[in-house]
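K.L.:
Please find one structure pasted underneath; my questions will follow.
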Amino acid sequence: MEETIGPGDALVVVDVQKDFLPGGRLAVPGGDAIIPVLNRYIELFHRKGLPVIATRDWHPPNHCSFKEEGGPWPSHCVAGTEGARFPESLRLPESVCIISKATRKDCEAYSGFEGTSLEEELRALGVRRLFVGGLATEYCVARTVLDGLERGFEVVVLTDAVRSLDAHPGDGEKALKQMQARGASLWPGKDKATREG
Ligand code: VGL
Ligand code: ZN
């Protein structure tokens, strides 16, 4: 990794927020396990002067995706609440570019590109390749990855830095296969059980 990244690369951390972590309102099982892994990627990109972007789910209190409004999810990541915050353990650099999404009541947005300035920000920074980690694999990570590919970015999914909700067992694995089939690279790949520091 150290040698492979350089100008044109950016790290995109998707929705690592308290409500998606164990104890949160829409907890991804084992979601907290990716934080130290992400911290190593963040440190590496930051040290190389490469952009670090963090997306966040940033809903109004009556968002259409909430059960009380007829949606599929318990209320989560309400803008400005504790649950919407990034965990203190996630070491985002001061220079991080924060992208808030799904901020309007009537619009769901799993993708960090949907209704945001993410593409413009990336183009302005000269980014061509995205390294993506975060939560949850089959929802906001997958949508962000597929949208990135559609918009012409190369995309690498950091398989050791994502976790799935797996409402149906296998959802996360299926999503990874779909991302790969659409042109994303999975890194580290299946054959590698571990990753060097
Ligand atoms: C997400 C469900 C609802 C996600 C966001 O970040 O993957 N999942 N809202
Ligand atoms: Zn949401």
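Residue numbers start at 1 in each chain; chains themselves are named A, B, ... in the order of the structure tokens; ligands are numbered from 1 in the order shown.
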Output the neighbourhood of ligand 1 as a VMD selection string, that is, all protein and nucleic acid residues with some atom at most 10 Å from the ligand, counting only C-alpha atoms and all ligand atoms.
P.N.:
chain A and resid 14 to 17 19 to 20 26 to 28 55 to 59 65 to 66 71 to 77 101 to 102 108 to 112 134 to 144 163 to 165
K.L.:
Using only C-alpha atoms, which protein or nucleic acid residues come within 12 Å of Arg182 in chain A? Drop anything in the same chain fewer than 6 positions from it, and give the result as a count of residues only.
P.N.:
15
K.L.:
Could you name the residues that touch Glu121 in chain A at 10 Å or less, counting only C-alpha atoms, but leaving out those on the same chain fewer than 6 positions away, as a ChimeraX atom specification?
P.N.:
/A:53,97,99,127
K.L.:
Please write the residues from the selection above to a file, keeping N, CA and C atoms, as a PDB file, in the first residue's frame.
P.N.:
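result24.pdb written:
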```
ATOM      1  N   ILE A  53     -11.288  12.097   2.871  1.00  0.00           N
ATOM      2  CA  ILE A  53     -12.678  12.565   2.850  1.00  0.00           C
ATOM      3  C   ILE A  53     -13.492  11.691   3.789  1.00  0.00           C
ATOM      4  N   CYS A  97     -11.999  16.504   4.612  1.00  0.00           N
ATOM      5  CA  CYS A  97     -13.136  17.100   3.898  1.00  0.00           C
ATOM      6  C   CYS A  97     -14.381  16.307   4.286  1.00  0.00           C
ATOM      7  N   ILE A  99     -18.292  15.407   4.072  1.00  0.00           N
ATOM      8  CA  ILE A  99     -19.425  15.469   3.150  1.00  0.00           C
ATOM      9  C   ILE A  99     -20.672  14.954   3.873  1.00  0.00           C
ATOM     10  N   VAL A 127      -8.310  14.206  -7.996  1.00  0.00           N
ATOM     11  CA  VAL A 127      -8.400  12.794  -7.614  1.00  0.00           C
ATOM     12  C   VAL A 127      -8.923  11.955  -8.775  1.00  0.00           C
TER      13      VAL A 127
END
```
K.L.:
Write out as a VMD selection string which residues come within 12 Å of Ile5 in chain A when counting only C-alpha atoms, dropping same-chain ones fewer than 4 positions away.
P.N.:
chain A and resid 1 9 to 11 41 44 to 51 127 to 131 156
K.L.:
Please, could you write that set of residues out with N, CA and C atoms as a PDB file, in the first residue's frame?
P.N.:
```pdb
ATOM      1  N   MET A   1       0.848  -1.219   0.000  1.00  0.00           N
ATOM      2  CA  MET A   1       0.000   0.000   0.000  1.00  0.00           C
ATOM      3  C   MET A   1       0.872   1.253   0.000  1.00  0.00           C
ATOM      4  N   ASP A   9      -4.682   9.883  -5.789  1.00  0.00           N
ATOM      5  CA  ASP A   9      -5.402   8.977  -4.894  1.00  0.00           C
ATOM      6  C   ASP A   9      -6.027   9.745  -3.725  1.00  0.00           C
ATOM      7  N   ALA A  10      -7.163   9.227  -3.256  1.00  0.00           N
ATOM      8  CA  ALA A  10      -7.798   9.808  -2.063  1.00  0.00           C
ATOM      9  C   ALA A  10      -8.429   8.690  -1.244  1.00  0.00           C
ATOM     10  N   LEU A  11      -8.515   8.924   0.045  1.00  0.00           N
ATOM     11  CA  LEU A  11      -9.178   7.990   0.953  1.00  0.00           C
ATOM     12  C   LEU A  11     -10.580   8.515   1.256  1.00  0.00           C
ATOM     13  N   TYR A  41      -4.838   3.707   7.645  1.00  0.00           N
ATOM     14  CA  TYR A  41      -4.989   4.260   6.286  1.00  0.00           C
ATOM     15  C   TYR A  41      -5.005   5.790   6.322  1.00  0.00           C
ATOM     16  N   LEU A  44      -1.566   7.121   6.795  1.00  0.00           N
ATOM     17  CA  LEU A  44      -0.762   6.932   5.585  1.00  0.00           C
ATOM     18  C   LEU A  44      -1.107   7.982   4.518  1.00  0.00           C
ATOM     19  N   PHE A  45      -2.402   8.161   4.244  1.00  0.00           N
ATOM     20  CA  PHE A  45      -2.803   9.145   3.229  1.00  0.00           C
ATOM     21  C   PHE A  45      -2.402  10.550   3.678  1.00  0.00           C
ATOM     22  N   HIS A  46      -2.640  10.838   4.940  1.00  0.00           N
ATOM     23  CA  HIS A  46      -2.342  12.166   5.446  1.00  0.00           C
ATOM     24  C   HIS A  46      -0.838  12.459   5.364  1.00  0.00           C
ATOM     25  N   ARG A  47      -0.038  11.467   5.747  1.00  0.00           N
ATOM     26  CA  ARG A  47       1.417  11.628   5.709  1.00  0.00           C
ATOM     27  C   ARG A  47       1.914  11.878   4.296  1.00  0.00           C
ATOM     28  N   LYS A  48       1.233  11.282   3.307  1.00  0.00           N
ATOM     29  CA  LYS A  48       1.642  11.476   1.916  1.00  0.00           C
ATOM     30  C   LYS A  48       1.024  12.729   1.294  1.00  0.00           C
ATOM     31  N   GLY A  49       0.273  13.472   2.098  1.00  0.00           N
ATOM     32  CA  GLY A  49      -0.351  14.695   1.599  1.00  0.00           C
ATOM     33  C   GLY A  49      -1.526  14.428   0.679  1.00  0.00           C
ATOM     34  N   LEU A  50      -2.116  13.234   0.789  1.00  0.00           N
ATOM     35  CA  LEU A  50      -3.250  12.877  -0.064  1.00  0.00           C
ATOM     36  C   LEU A  50      -4.566  13.164   0.657  1.00  0.00           C
ATOM     37  N   PRO A  51      -5.622  13.509  -0.108  1.00  0.00           N
ATOM     38  CA  PRO A  51      -6.885  13.897   0.514  1.00  0.00           C
ATOM     39  C   PRO A  51      -7.540  12.773   1.314  1.00  0.00           C
ATOM     40  N   VAL A 127      -8.310  14.206  -7.996  1.00  0.00           N
ATOM     41  CA  VAL A 127      -8.400  12.794  -7.614  1.00  0.00           C
ATOM     42  C   VAL A 127      -8.923  11.955  -8.775  1.00  0.00           C
ATOM     43  N   ARG A 128      -8.257  10.796  -8.998  1.00  0.00           N
ATOM     44  CA  ARG A 128      -8.704   9.861 -10.031  1.00  0.00           C
ATOM     45  C   ARG A 128      -9.047   8.491  -9.452  1.00  0.00           C
ATOM     46  N   ARG A 129      -8.465   8.187  -8.281  1.00  0.00           N
ATOM     47  CA  ARG A 129      -8.690   6.858  -7.695  1.00  0.00           C
ATOM     48  C   ARG A 129      -9.098   6.988  -6.228  1.00  0.00           C
ATOM     49  N   LEU A 130     -10.162   6.259  -5.885  1.00  0.00           N
ATOM     50  CA  LEU A 130     -10.694   6.305  -4.523  1.00  0.00           C
ATOM     51  C   LEU A 130     -10.380   5.015  -3.790  1.00  0.00           C
ATOM     52  N   PHE A 131      -9.927   5.135  -2.565  1.00  0.00           N
ATOM     53  CA  PHE A 131      -9.778   3.999  -1.657  1.00  0.00           C
ATOM     54  C   PHE A 131     -10.892   4.150  -0.624  1.00  0.00           C
ATOM     55  N   VAL A 156     -10.920   1.357  -5.270  1.00  0.00           N
ATOM     56  CA  VAL A 156     -10.390   0.221  -4.514  1.00  0.00           C
ATOM     57  C   VAL A 156     -11.184   0.132  -3.210  1.00  0.00           C
TER      58      VAL A 156
END
```
K.L.:
DSSP on the backbone, then: every residue of chain A marked strand (DSSP E), written as a ChimeraX atom specification.
P.N.:
/A:9-14,52-57,97-101,129-135,154-163,185-187
K.L.:
As an NGL selection string, please: all residues of chain A that backbone DSSP puts in helix (DSSP H, G or I).
P.N.:
:A and (18-20 or 31-47 or 67-69 or 82-84 or 118-124 or 137-150 or 171-181)
K.L.:
List the spatial neighbours of Arg91 in chain A as a ChimeraX atom specification - criterion: any atom at most 12 Å away, only C-alpha atoms, same-chain residues fewer than 3 positions off excluded.
P.N.:
/A:13,16,35-44,46,52,54,86-88,94-96
K.L.:
Which residue is closest to ligand 2? Choose from A:Val78, A:Ala33, A:Leu122, A:Val12 and count only C-alpha atoms and all ligand atoms.
P.N.:
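For ligand 2, the nearest of the given residues is A:Val78.
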K.L.:
Would you mind telling me which residue in A:Pro7, A:Pro61, A:Pro29, A:Gly23 lies nearest to ligand 2 when using only C-alpha atoms and all ligand atoms?
P.N.:
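That would be A:Pro61, the residue with the smallest distance to ligand 2.
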